[in-house]
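*Asks:* I'm passing along coords_25.tsv; it holds TSV, N, CA and C atoms.
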```
chain	number	residue	atom	x	y	z
A	137	GLN	N	3.62	-4.20	21.39
A	137	GLN	CA	3.55	-2.75	21.39
A	137	GLN	C	2.89	-2.29	20.10
A	138	LEU	N	1.90	-1.42	20.23
A	138	LEU	CA	1.16	-0.93	19.08
A	138	LEU	C	1.84	0.32	18.54
A	139	GLN	N	2.27	0.26	17.29
A	139	GLN	CA	2.91	1.44	16.74
A	139	GLN	C	2.85	1.43	15.22
A	140	LEU	N	3.03	2.61	14.67
A	140	LEU	CA	3.13	2.81	13.23
A	140	LEU	C	4.54	3.28	12.92
A	141	VAL	N	5.05	2.84	11.80
A	141	VAL	CA	6.40	3.24	11.40
A	141	VAL	C	6.36	3.75	9.97
A	142	GLU	N	6.83	4.98	9.79
A	142	GLU	CA	6.91	5.57	8.45
A	142	GLU	C	8.33	5.43	7.90
A	143	SER	N	8.43	5.37	6.60
A	143	SER	CA	9.73	5.35	5.93
A	143	SER	C	9.58	5.95	4.54
A	144	GLY	N	10.72	6.24	3.92
A	144	GLY	CA	10.71	6.72	2.54
A	144	GLY	C	10.99	8.20	2.38
A	145	GLY	N	11.14	8.91	3.47
A	145	GLY	CA	11.44	10.33	3.37
A	145	GLY	C	12.87	10.56	2.91
A	146	GLY	N	13.19	11.82	2.67
A	146	GLY	CA	14.53	12.16	2.25
A	146	GLY	C	14.60	13.54	1.65
A	147	LEU	N	15.74	13.82	1.01
A	147	LEU	CA	15.97	15.10	0.35
A	147	LEU	C	15.74	14.91	-1.15
A	148	VAL	N	14.94	15.76	-1.73
A	148	VAL	CA	14.63	15.66	-3.16
A	148	VAL	C	14.55	17.07	-3.74
A	149	GLN	N	14.90	17.19	-5.01
A	149	GLN	CA	14.84	18.48	-5.69
A	149	GLN	C	13.39	18.82	-6.06
A	150	PRO	N	13.09	20.09	-6.19
A	150	PRO	CA	11.74	20.47	-6.65
A	150	PRO	C	11.40	19.77	-7.96
A	151	GLY	N	10.17	19.27	-8.02
A	151	GLY	CA	9.73	18.51	-9.18
A	151	GLY	C	9.95	17.02	-9.05
A	152	GLY	N	10.68	16.61	-8.03
A	152	GLY	CA	10.98	15.21	-7.83
A	152	GLY	C	9.85	14.44	-7.15
A	153	SER	N	10.11	13.17	-6.88
A	153	SER	CA	9.11	12.28	-6.30
A	153	SER	C	9.68	11.50	-5.13
A	154	LEU	N	8.81	11.13	-4.24
A	154	LEU	CA	9.11	10.23	-3.14
A	154	LEU	C	7.89	9.36	-2.88
A	155	ARG	N	8.13	8.17	-2.35
A	155	ARG	CA	7.02	7.32	-1.92
A	155	ARG	C	7.22	6.98	-0.45
A	156	LEU	N	6.27	7.40	0.35
A	156	LEU	CA	6.30	7.10	1.78
A	156	LEU	C	5.52	5.83	2.06
A	157	SER	N	5.99	5.08	3.06
A	157	SER	CA	5.31	3.86	3.48
A	157	SER	C	4.95	3.96	4.95
A	158	CYS	N	3.86	3.34	5.30
A	158	CYS	CA	3.39	3.28	6.69
A	158	CYS	C	3.04	1.84	7.00
A	159	VAL	N	3.74	1.27	7.97
A	159	VAL	CA	3.47	-0.12	8.37
A	159	VAL	C	3.12	-0.13	9.85
A	160	ALA	N	2.37	-1.15	10.24
A	160	ALA	CA	1.91	-1.27	11.62
A	160	ALA	C	2.64	-2.40	12.33
A	161	SER	N	2.82	-2.20	13.61
A	161	SER	CA	3.38	-3.24	14.46
A	161	SER	C	2.45	-3.46	15.63
A	162	GLY	N	2.02	-4.72	15.81
A	162	GLY	CA	1.17	-5.02	16.95
A	162	GLY	C	-0.32	-4.94	16.68
A	163	PHE	N	-0.70	-4.52	15.48
A	163	PHE	CA	-2.12	-4.51	15.13
A	163	PHE	C	-2.25	-4.54	13.61
A	164	ASN	N	-3.46	-4.80	13.15
A	164	ASN	CA	-3.70	-4.94	11.72
A	164	ASN	C	-4.10	-3.59	11.13
A	165	LEU	N	-3.24	-3.07	10.30
A	165	LEU	CA	-3.48	-1.78	9.66
A	165	LEU	C	-4.74	-1.80	8.80
A	166	ASN	N	-5.07	-2.96	8.29
A	166	ASN	CA	-6.19	-3.09	7.36
A	166	ASN	C	-7.55	-2.80	8.02
A	167	ASN	N	-7.59	-2.78	9.33
A	167	ASN	CA	-8.85	-2.57	10.04
A	167	ASN	C	-9.09	-1.12	10.44
A	168	HIS	N	-8.26	-0.21	9.91
A	168	HIS	CA	-8.34	1.18	10.34
A	168	HIS	C	-8.30	2.13	9.16
A	169	VAL	N	-8.97	3.25	9.33
A	169	VAL	CA	-8.74	4.39	8.44
A	169	VAL	C	-7.30	4.85	8.66
A	170	ILE	N	-6.61	5.19	7.59
A	170	ILE	CA	-5.25	5.68	7.70
A	170	ILE	C	-5.16	7.09	7.13
A	171	GLY	N	-4.55	7.95	7.88
A	171	GLY	CA	-4.33	9.32	7.43
A	171	GLY	C	-2.86	9.64	7.38
A	172	TRP	N	-2.50	10.47	6.43
A	172	TRP	CA	-1.15	11.05	6.37
A	172	TRP	C	-1.27	12.52	6.77
A	173	PHE	N	-0.40	12.92	7.66
A	173	PHE	CA	-0.34	14.31	8.10
A	173	PHE	C	1.08	14.82	7.90
A	174	ARG	N	1.24	16.12	7.96
A	174	ARG	CA	2.58	16.69	7.91
A	174	ARG	C	2.66	17.89	8.85
A	175	GLN	N	3.86	18.12	9.31
A	175	GLN	CA	4.06	19.24	10.21
A	175	GLN	C	5.41	19.88	9.92
A	176	ALA	N	5.34	21.15	9.55
A	176	ALA	CA	6.55	21.93	9.31
A	176	ALA	C	6.87	22.72	10.57
A	177	PRO	N	8.13	23.11	10.75
A	177	PRO	CA	8.51	23.86	11.94
A	177	PRO	C	7.67	25.11	12.11
A	178	GLY	N	7.12	25.29	13.30
A	178	GLY	CA	6.34	26.47	13.60
A	178	GLY	C	4.93	26.47	13.06
A	179	LYS	N	4.53	25.35	12.44
A	179	LYS	CA	3.18	25.27	11.87
A	179	LYS	C	2.38	24.15	12.52
A	180	GLU	N	1.07	24.24	12.39
A	180	GLU	CA	0.20	23.21	12.92
A	180	GLU	C	0.26	21.95	12.06
A	181	ARG	N	-0.09	20.83	12.68
A	181	ARG	CA	-0.15	19.57	11.95
A	181	ARG	C	-1.29	19.67	10.92
A	182	GLU	N	-0.99	19.27	9.70
A	182	GLU	CA	-1.92	19.43	8.59
A	182	GLU	C	-2.28	18.09	7.98
A	183	GLY	N	-3.57	17.86	7.77
A	183	GLY	CA	-4.00	16.65	7.09
A	183	GLY	C	-3.62	16.69	5.63
A	184	VAL	N	-2.98	15.64	5.14
A	184	VAL	CA	-2.54	15.57	3.75
A	184	VAL	C	-3.48	14.68	2.93
A	185	SER	N	-3.78	13.49	3.48
A	185	SER	CA	-4.61	12.56	2.74
A	185	SER	C	-5.10	11.49	3.69
A	186	SER	N	-6.18	10.81	3.31
A	186	SER	CA	-6.65	9.69	4.10
A	186	SER	C	-7.32	8.68	3.19
A	187	ILE	N	-7.39	7.45	3.69
A	187	ILE	CA	-7.99	6.37	2.91
A	187	ILE	C	-8.83	5.52	3.84
A	188	SER	N	-10.01	5.12	3.35
A	188	SER	CA	-10.92	4.34	4.15
A	188	SER	C	-10.44	2.90	4.28
A	189	ILE	N	-11.11	2.15	5.14
A	189	ILE	CA	-10.73	0.75	5.35
A	189	ILE	C	-10.83	-0.03	4.06
A	190	GLY	N	-11.89	0.20	3.31
A	190	GLY	CA	-12.09	-0.52	2.06
A	190	GLY	C	-11.29	0.05	0.89
A	191	GLY	N	-10.72	1.24	1.09
A	191	GLY	CA	-9.89	1.83	0.06
A	191	GLY	C	-10.65	2.63	-0.99
A	192	ARG	N	-11.97	2.69	-0.86
A	192	ARG	CA	-12.76	3.38	-1.89
A	192	ARG	C	-12.87	4.88	-1.64
A	193	ASN	N	-12.89	5.26	-0.38
A	193	ASN	CA	-13.05	6.67	-0.03
A	193	ASN	C	-11.70	7.27	0.31
A	194	ILE	N	-11.33	8.24	-0.48
A	194	ILE	CA	-10.01	8.86	-0.35
A	194	ILE	C	-10.19	10.37	-0.31
A	195	ASN	N	-9.40	11.00	0.51
A	195	ASN	CA	-9.44	12.45	0.64
A	195	ASN	C	-8.03	13.03	0.49
A	196	TYR	N	-7.96	14.22	-0.06
A	196	TYR	CA	-6.70	14.93	-0.20
A	196	TYR	C	-6.88	16.39	0.20
A	197	ALA	N	-5.83	16.94	0.77
A	197	ALA	CA	-5.80	18.38	0.99
A	197	ALA	C	-5.73	19.07	-0.37
A	198	THR	N	-6.31	20.23	-0.47
A	198	THR	CA	-6.32	20.96	-1.73
A	198	THR	C	-4.90	21.19	-2.24
A	199	SER	N	-3.98	21.42	-1.33
A	199	SER	CA	-2.60	21.76	-1.70
A	199	SER	C	-1.85	20.60	-2.36
A	200	VAL	N	-2.34	19.37	-2.20
A	200	VAL	CA	-1.62	18.22	-2.76
A	200	VAL	C	-2.43	17.47	-3.81
A	201	LYS	N	-3.67	17.85	-3.99
A	201	LYS	CA	-4.53	17.15	-4.93
A	201	LYS	C	-3.95	17.20	-6.35
A	202	GLY	N	-3.91	16.05	-6.99
A	202	GLY	CA	-3.34	15.96	-8.32
A	202	GLY	C	-1.86	15.65	-8.34
A	203	ARG	N	-1.21	15.76	-7.18
A	203	ARG	CA	0.23	15.47	-7.08
A	203	ARG	C	0.51	14.26	-6.20
A	204	PHE	N	-0.29	14.05	-5.16
A	204	PHE	CA	-0.08	12.96	-4.23
A	204	PHE	C	-1.15	11.88	-4.46
A	205	THR	N	-0.77	10.64	-4.21
A	205	THR	CA	-1.70	9.52	-4.32
A	205	THR	C	-1.52	8.60	-3.13
A	206	ILE	N	-2.62	8.34	-2.44
A	206	ILE	CA	-2.60	7.41	-1.31
A	206	ILE	C	-3.13	6.06	-1.77
A	207	SER	N	-2.57	5.00	-1.23
A	207	SER	CA	-3.04	3.65	-1.58
A	207	SER	C	-2.71	2.72	-0.43
A	208	ARG	N	-3.35	1.56	-0.45
A	208	ARG	CA	-3.05	0.57	0.58
A	208	ARG	C	-2.89	-0.80	-0.04
A	209	ASP	N	-1.95	-1.54	0.51
A	209	ASP	CA	-1.67	-2.91	0.09
A	209	ASP	C	-2.08	-3.81	1.24
A	210	TYR	N	-3.22	-4.49	1.06
A	210	TYR	CA	-3.75	-5.29	2.16
A	210	TYR	C	-2.87	-6.50	2.45
A	211	ALA	N	-2.27	-7.06	1.44
A	211	ALA	CA	-1.41	-8.22	1.64
A	211	ALA	C	-0.17	-7.84	2.46
A	212	GLU	N	0.34	-6.64	2.22
A	212	GLU	CA	1.53	-6.17	2.92
A	212	GLU	C	1.21	-5.39	4.19
A	213	ASN	N	-0.10	-5.16	4.43
A	213	ASN	CA	-0.51	-4.41	5.63
A	213	ASN	C	0.19	-3.05	5.67
A	214	THR	N	0.20	-2.39	4.52
A	214	THR	CA	0.97	-1.15	4.35
A	214	THR	C	0.11	-0.11	3.63
A	215	VAL	N	0.32	1.14	4.00
A	215	VAL	CA	-0.30	2.26	3.27
A	215	VAL	C	0.82	3.11	2.70
A	216	TYR	N	0.64	3.54	1.46
A	216	TYR	CA	1.64	4.32	0.76
A	216	TYR	C	1.13	5.74	0.48
A	217	LEU	N	2.07	6.65	0.36
A	217	LEU	CA	1.77	7.99	-0.13
A	217	LEU	C	2.78	8.30	-1.21
A	218	GLN	N	2.32	8.26	-2.45
A	218	GLN	CA	3.17	8.61	-3.59
A	218	GLN	C	3.10	10.11	-3.78
A	219	MET	N	4.25	10.76	-3.74
A	219	MET	CA	4.31	12.21	-3.84
A	219	MET	C	5.09	12.60	-5.08
A	220	ASN	N	4.43	13.23	-6.02
A	220	ASN	CA	5.05	13.67	-7.27
A	220	ASN	C	5.04	15.19	-7.35
A	221	SER	N	5.83	15.71	-8.25
A	221	SER	CA	5.90	17.17	-8.48
A	221	SER	C	6.07	17.92	-7.16
A	222	LEU	N	7.01	17.47	-6.38
A	222	LEU	CA	7.20	18.05	-5.05
A	222	LEU	C	7.67	19.49	-5.13
A	223	LYS	N	7.21	20.27	-4.16
A	223	LYS	CA	7.53	21.69	-4.07
A	223	LYS	C	8.22	21.97	-2.74
A	224	PRO	N	8.97	23.05	-2.68
A	224	PRO	CA	9.62	23.38	-1.39
A	224	PRO	C	8.63	23.49	-0.24
A	225	GLU	N	7.43	23.94	-0.51
A	225	GLU	CA	6.44	24.07	0.55
A	225	GLU	C	5.90	22.73	1.04
A	226	ASP	N	6.29	21.64	0.40
A	226	ASP	CA	5.93	20.30	0.89
A	226	ASP	C	6.90	19.83	1.98
A	227	THR	N	7.95	20.58	2.23
A	227	THR	CA	8.93	20.20	3.24
A	227	THR	C	8.28	20.16	4.62
A	228	ALA	N	8.42	19.00	5.28
A	228	ALA	CA	7.81	18.80	6.58
A	228	ALA	C	8.16	17.40	7.08
A	229	VAL	N	7.82	17.14	8.32
A	229	VAL	CA	7.81	15.77	8.83
A	229	VAL	C	6.44	15.18	8.49
A	230	TYR	N	6.47	14.03	7.86
A	230	TYR	CA	5.23	13.36	7.45
A	230	TYR	C	4.95	12.20	8.41
A	231	LEU	N	3.73	12.17	8.91
A	231	LEU	CA	3.32	11.16	9.87
A	231	LEU	C	2.10	10.42	9.37
A	232	CYS	N	2.04	9.13	9.65
A	232	CYS	CA	0.81	8.40	9.37
A	232	CYS	C	0.10	8.11	10.70
A	233	ALA	N	-1.20	7.95	10.60
A	233	ALA	CA	-2.01	7.75	11.79
A	233	ALA	C	-3.16	6.82	11.47
A	234	ALA	N	-3.61	6.08	12.47
A	234	ALA	CA	-4.73	5.15	12.32
A	234	ALA	C	-5.91	5.63	13.13
A	235	GLY	N	-7.08	5.50	12.53
A	235	GLY	CA	-8.29	5.92	13.22
A	235	GLY	C	-9.47	5.04	12.87
A	236	ALA	N	-10.61	5.35	13.44
A	236	ALA	CA	-11.83	4.59	13.19
A	236	ALA	C	-12.62	5.24	12.06
A	237	GLU	N	-13.34	4.43	11.34
A	237	GLU	CA	-14.15	4.94	10.23
A	237	GLU	C	-15.51	5.37	10.79
A	238	ARG	N	-15.65	6.66	10.99
A	238	ARG	CA	-16.88	7.23	11.53
A	238	ARG	C	-17.85	7.57	10.41
A	239	SER	N	-19.09	7.82	10.80
A	239	SER	CA	-20.11	8.15	9.80
A	239	SER	C	-19.82	9.47	9.12
A	240	ASN	N	-19.20	10.40	9.82
A	240	ASN	CA	-18.89	11.72	9.25
A	240	ASN	C	-17.42	11.83	8.90
A	241	TRP	N	-16.77	10.68	8.68
A	241	TRP	CA	-15.33	10.70	8.44
A	241	TRP	C	-14.96	11.52	7.22
A	242	GLY	N	-15.79	11.53	6.20
A	242	GLY	CA	-15.48	12.26	4.98
A	242	GLY	C	-15.27	13.74	5.20
A	243	SER	N	-15.90	14.30	6.23
A	243	SER	CA	-15.78	15.74	6.50
A	243	SER	C	-14.89	16.03	7.70
A	244	THR	N	-14.33	15.00	8.31
A	244	THR	CA	-13.50	15.21	9.51
A	244	THR	C	-12.15	14.51	9.42
A	245	TRP	N	-11.81	13.95	8.29
A	245	TRP	CA	-10.61	13.11	8.15
A	245	TRP	C	-9.33	13.86	8.49
A	246	TYR	N	-9.33	15.17	8.37
A	246	TYR	CA	-8.13	15.98	8.53
A	246	TYR	C	-7.89	16.40	9.98
A	247	ILE	N	-8.74	15.98	10.91
A	247	ILE	CA	-8.62	16.39	12.31
A	247	ILE	C	-7.72	15.41	13.05
A	248	PRO	N	-6.55	15.83	13.49
A	248	PRO	CA	-5.59	14.91	14.13
A	248	PRO	C	-6.12	14.20	15.37
A	249	SER	N	-6.95	14.87	16.14
A	249	SER	CA	-7.41	14.29	17.41
A	249	SER	C	-8.32	13.08	17.21
A	250	LEU	N	-8.79	12.87	15.99
A	250	LEU	CA	-9.67	11.72	15.73
A	250	LEU	C	-8.89	10.43	15.47
A	251	TYR	N	-7.55	10.53	15.40
A	251	TYR	CA	-6.70	9.37	15.17
A	251	TYR	C	-6.05	8.96	16.47
A	252	TYR	N	-5.92	7.64	16.70
A	252	TYR	CA	-5.45	7.19	18.01
A	252	TYR	C	-4.08	6.53	18.00
A	253	TYR	N	-3.59	6.11	16.86
A	253	TYR	CA	-2.23	5.59	16.76
A	253	TYR	C	-1.44	6.47	15.80
A	254	TRP	N	-0.23	6.81	16.19
A	254	TRP	CA	0.61	7.68	15.38
A	254	TRP	C	2.01	7.10	15.24
A	255	GLY	N	2.62	7.37	14.11
A	255	GLY	CA	4.02	7.05	13.94
A	255	GLY	C	4.88	8.23	14.39
A	256	GLN	N	6.20	8.03	14.32
A	256	GLN	CA	7.14	9.06	14.72
A	256	GLN	C	7.43	10.06	13.61
A	257	GLY	N	7.13	9.68	12.39
A	257	GLY	CA	7.31	10.59	11.27
A	257	GLY	C	8.58	10.34	10.49
A	258	THR	N	8.56	10.81	9.24
A	258	THR	CA	9.74	10.75	8.38
A	258	THR	C	9.91	12.12	7.73
A	259	GLN	N	11.13	12.60	7.68
A	259	GLN	CA	11.40	13.95	7.18
A	259	GLN	C	11.43	13.96	5.66
A	260	VAL	N	10.70	14.90	5.10
A	260	VAL	CA	10.74	15.16	3.65
A	260	VAL	C	11.24	16.58	3.46
A	261	THR	N	12.32	16.72	2.70
A	261	THR	CA	12.88	18.03	2.42
A	261	THR	C	12.98	18.22	0.92
A	262	VAL	N	12.34	19.27	0.43
A	262	VAL	CA	12.35	19.57	-1.00
A	262	VAL	C	13.16	20.85	-1.18
A	263	SER	N	14.31	20.69	-1.80
A	263	SER	CA	15.23	21.82	-1.94
A	263	SER	C	16.19	21.57	-3.08
A	264	SER	N	16.60	22.64	-3.73
A	264	SER	CA	17.60	22.54	-4.78
A	264	SER	C	18.99	22.80	-4.21
```
I'd like the structure from this file rewritten - as structure tokens, please.
*Replies:*
Amino acid sequence: QLQLVESGGGLVQPGGSLRLSCVASGFNLNNHVIGWFRQAPGKEREGVSSISIGGRNINYATSVKGRFTISRDYAENTVYLQMNSLKPEDTAVYLCAAGAERSNWGSTWYIPSLYYYWGQGTQVTVSS
């Protein structure tokens, strides 16, 4: 069964940090572009960050740039999202997704429909 599994979410105070992990089951994560998305209640799914297969091309949403860092561990077949200086507006379900590296990926990485494997998500709540 092909699936992605996220972990690392939880409740954290404003200004705190969390590290999310995304692992694959049934396929090699290293062969796909990986994106992190988030969805808050009543809002559309939002692209947070993405990383290319080779790890050199990385994208961030403006709202998280400078606070979040995406990385991949090829040996562990895992992609991480390090989240620092968390704010209440970061509260959402965070999902990872796998997609193909297209020629225009740099300008389309945030479009959910371009990803074909999705995890179930992990809840991140930022509150005092």
*Asks:* Hey, what's within 7 Å of Val215 in chain A if we count all atoms listed in the file and toss same-chain stuff fewer than 2 positions away? As a PyMOL selection string, please?
*Replies:* chain A and resi 156-160+206-209+212-213+217
*Asks:* Dump N, CA and C atoms for the selected residues as a compact mmCIF listing (two decimals), in the coordinates of the input?
*Replies:*
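Printed below is out-v5.txt as written:
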```txt
# COMPACT_ATOMS: atom_id res chain seq x y z
N LEU A 156 6.27 7.40 0.35
CA LEU A 156 6.30 7.10 1.78
C LEU A 156 5.52 5.83 2.06
N SER A 157 5.99 5.08 3.06
CA SER A 157 5.31 3.86 3.48
C SER A 157 4.95 3.96 4.95
N CYS A 158 3.86 3.34 5.30
CA CYS A 158 3.39 3.28 6.69
C CYS A 158 3.04 1.84 7.00
N VAL A 159 3.74 1.27 7.97
CA VAL A 159 3.47 -0.12 8.37
C VAL A 159 3.12 -0.13 9.85
N ALA A 160 2.37 -1.15 10.24
CA ALA A 160 1.91 -1.27 11.62
C ALA A 160 2.64 -2.40 12.33
N ILE A 206 -2.62 8.34 -2.44
CA ILE A 206 -2.60 7.41 -1.31
C ILE A 206 -3.13 6.06 -1.77
N SER A 207 -2.57 5.00 -1.23
CA SER A 207 -3.04 3.65 -1.58
C SER A 207 -2.71 2.72 -0.43
N ARG A 208 -3.35 1.56 -0.45
CA ARG A 208 -3.05 0.57 0.58
C ARG A 208 -2.89 -0.80 -0.04
N ASP A 209 -1.95 -1.54 0.51
CA ASP A 209 -1.67 -2.91 0.09
C ASP A 209 -2.08 -3.81 1.24
N GLU A 212 0.34 -6.64 2.22
CA GLU A 212 1.53 -6.17 2.92
C GLU A 212 1.21 -5.39 4.19
N ASN A 213 -0.10 -5.16 4.43
CA ASN A 213 -0.51 -4.41 5.63
C ASN A 213 0.19 -3.05 5.67
N LEU A 217 2.07 6.65 0.36
CA LEU A 217 1.77 7.99 -0.13
C LEU A 217 2.78 8.30 -1.21
```
*Asks:* What does the structure give for the distance between CA of Val260 in chain A and CA of Leu165 in chain A, in Å to one decimal?
*Replies:*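 Calculated distance between CA of Val260 in chain A and CA of Leu165 in chain A is 22.9 Å.
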*Asks:* Taking into account only N, CA and C atoms, which residue in the set A:Glu180, A:Asn166, A:Gln218, A:Gly191 is nearest to Phe204 in chain A?
*Replies:*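 With only N, CA and C atoms as the atom set, the closest residue is A:Gln218.
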*Asks:* At a cut-off of 10 Å around the point (5.8, 13.4, -7.7) (file coordinates), what residues fall inside when counting only C-alpha atoms? I'd like the answer as JSON, numbers by chain.
*Replies:* {"A": [150, 151, 152, 153, 154, 155, 202, 203, 204, 205, 218, 219, 220, 221, 222, 223]}
*Asks:* Using only C-alpha atoms, which residue out of A:Ser199, A:Thr261, A:Asn240, A:Ser185 lies closest to Trp172 in chain A?
*Replies:*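 Among A:Ser199, A:Thr261, A:Asn240, A:Ser185, it is A:Ser185 that comes nearest to Trp172 in chain A.
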*Asks:* Contacts of Asn195 in chain A at 6.5 Å or less, counting all atoms listed in the file, minus same-chain residues fewer than 6 places along, as a count of residues only?
*Replies:* 4
*Asks:* Near Trp254 in chain A, within 10 Å and counting only C-alpha atoms, which residues show up once chain neighbours fewer than 4 positions away are dropped, as a list in words?
*Replies:* Leu138, Gln139, Leu140, Val141, Glu142, Ala160, Ile170, Gly171, Trp172, Phe173, Leu231, Cys232, Ala233, Ala234, Gly235 and Pro248 of chain A
*Asks:* Put those residues in a file: N, CA and C atoms, as a CSV table (one decimal), in the coordinates of the input.
*Replies:*
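The file below, part-v2.csv, is the result:
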```csv
chain,number,residue,atom,x,y,z
A,138,LEU,N,1.9,-1.4,20.2
A,138,LEU,CA,1.2,-0.9,19.1
A,138,LEU,C,1.8,0.3,18.5
A,139,GLN,N,2.3,0.3,17.3
A,139,GLN,CA,2.9,1.4,16.7
A,139,GLN,C,2.8,1.4,15.2
A,140,LEU,N,3.0,2.6,14.7
A,140,LEU,CA,3.1,2.8,13.2
A,140,LEU,C,4.5,3.3,12.9
A,141,VAL,N,5.0,2.8,11.8
A,141,VAL,CA,6.4,3.2,11.4
A,141,VAL,C,6.4,3.8,10.0
A,142,GLU,N,6.8,5.0,9.8
A,142,GLU,CA,6.9,5.6,8.4
A,142,GLU,C,8.3,5.4,7.9
A,160,ALA,N,2.4,-1.2,10.2
A,160,ALA,CA,1.9,-1.3,11.6
A,160,ALA,C,2.6,-2.4,12.3
A,170,ILE,N,-6.6,5.2,7.6
A,170,ILE,CA,-5.2,5.7,7.7
A,170,ILE,C,-5.2,7.1,7.1
A,171,GLY,N,-4.6,8.0,7.9
A,171,GLY,CA,-4.3,9.3,7.4
A,171,GLY,C,-2.9,9.6,7.4
A,172,TRP,N,-2.5,10.5,6.4
A,172,TRP,CA,-1.2,11.0,6.4
A,172,TRP,C,-1.3,12.5,6.8
A,173,PHE,N,-0.4,12.9,7.7
A,173,PHE,CA,-0.3,14.3,8.1
A,173,PHE,C,1.1,14.8,7.9
A,231,LEU,N,3.7,12.2,8.9
A,231,LEU,CA,3.3,11.2,9.9
A,231,LEU,C,2.1,10.4,9.4
A,232,CYS,N,2.0,9.1,9.6
A,232,CYS,CA,0.8,8.4,9.4
A,232,CYS,C,0.1,8.1,10.7
A,233,ALA,N,-1.2,8.0,10.6
A,233,ALA,CA,-2.0,7.8,11.8
A,233,ALA,C,-3.2,6.8,11.5
A,234,ALA,N,-3.6,6.1,12.5
A,234,ALA,CA,-4.7,5.2,12.3
A,234,ALA,C,-5.9,5.6,13.1
A,235,GLY,N,-7.1,5.5,12.5
A,235,GLY,CA,-8.3,5.9,13.2
A,235,GLY,C,-9.5,5.0,12.9
A,248,PRO,N,-6.6,15.8,13.5
A,248,PRO,CA,-5.6,14.9,14.1
A,248,PRO,C,-6.1,14.2,15.4
```
*Asks:* Measure the distance from CA of Ala197 in chain A to atom C of Arg174 in chain A in Å and round it to one decimal.
*Replies:*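 The value is 11.6 Å.
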*Asks:* Expressed in Å to a single decimal, how great is the separation between CA of Gly144 in chain A and CA of Gln259 in chain A?
*Replies:*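 Straight-line distance from CA of Gly144 in chain A to CA of Gln259 in chain A works out to 8.6 Å.
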*Asks:* Report as AutoDock Vina command-line options the centre and the edge lengths, in Å to one decimal, of the axis-aligned box holding every listed atom of range 153-166 of chain A, padded by 6 Å on each side.
*Replies:*
```
--center_x 1.3 --center_y 4.1 --center_z 5.0 --size_x 29.7 --size_y 30.2 --size_z 35.8
```
*Asks:* With all atoms listed in the file as the atoms that count, which of A:Glu237, A:Ser143, A:Asp226, A:Phe163 lies nearest to Ser188 in chain A?
*Replies:*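 Looking at the shortest contact to Ser188 in chain A, the residue is A:Glu237.
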*Asks:* Find the residue from A:Gly162, A:Gly183, A:Pro177, A:Gly146 that sits nearest to Ile247 in chain A; use all atoms listed in the file when measuring.
*Replies:* A:Gly183
*Asks:* Considering only helix (DSSP H, G or I) as DSSP defines it on the backbone, what residues of chain A qualify? List them as a PyMOL selection string.
*Replies:* chain A and resi 165-167+224-226+241-244+248-250
*Asks:* Which residue, A:Thr244, A:Thr227, A:Ser249, A:Asn193, has the smallest gap to Leu147 in chain A when you use only C-alpha atoms?
*Replies:*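 Among the listed residues, the smallest separation from Leu147 in chain A belongs to A:Thr227.
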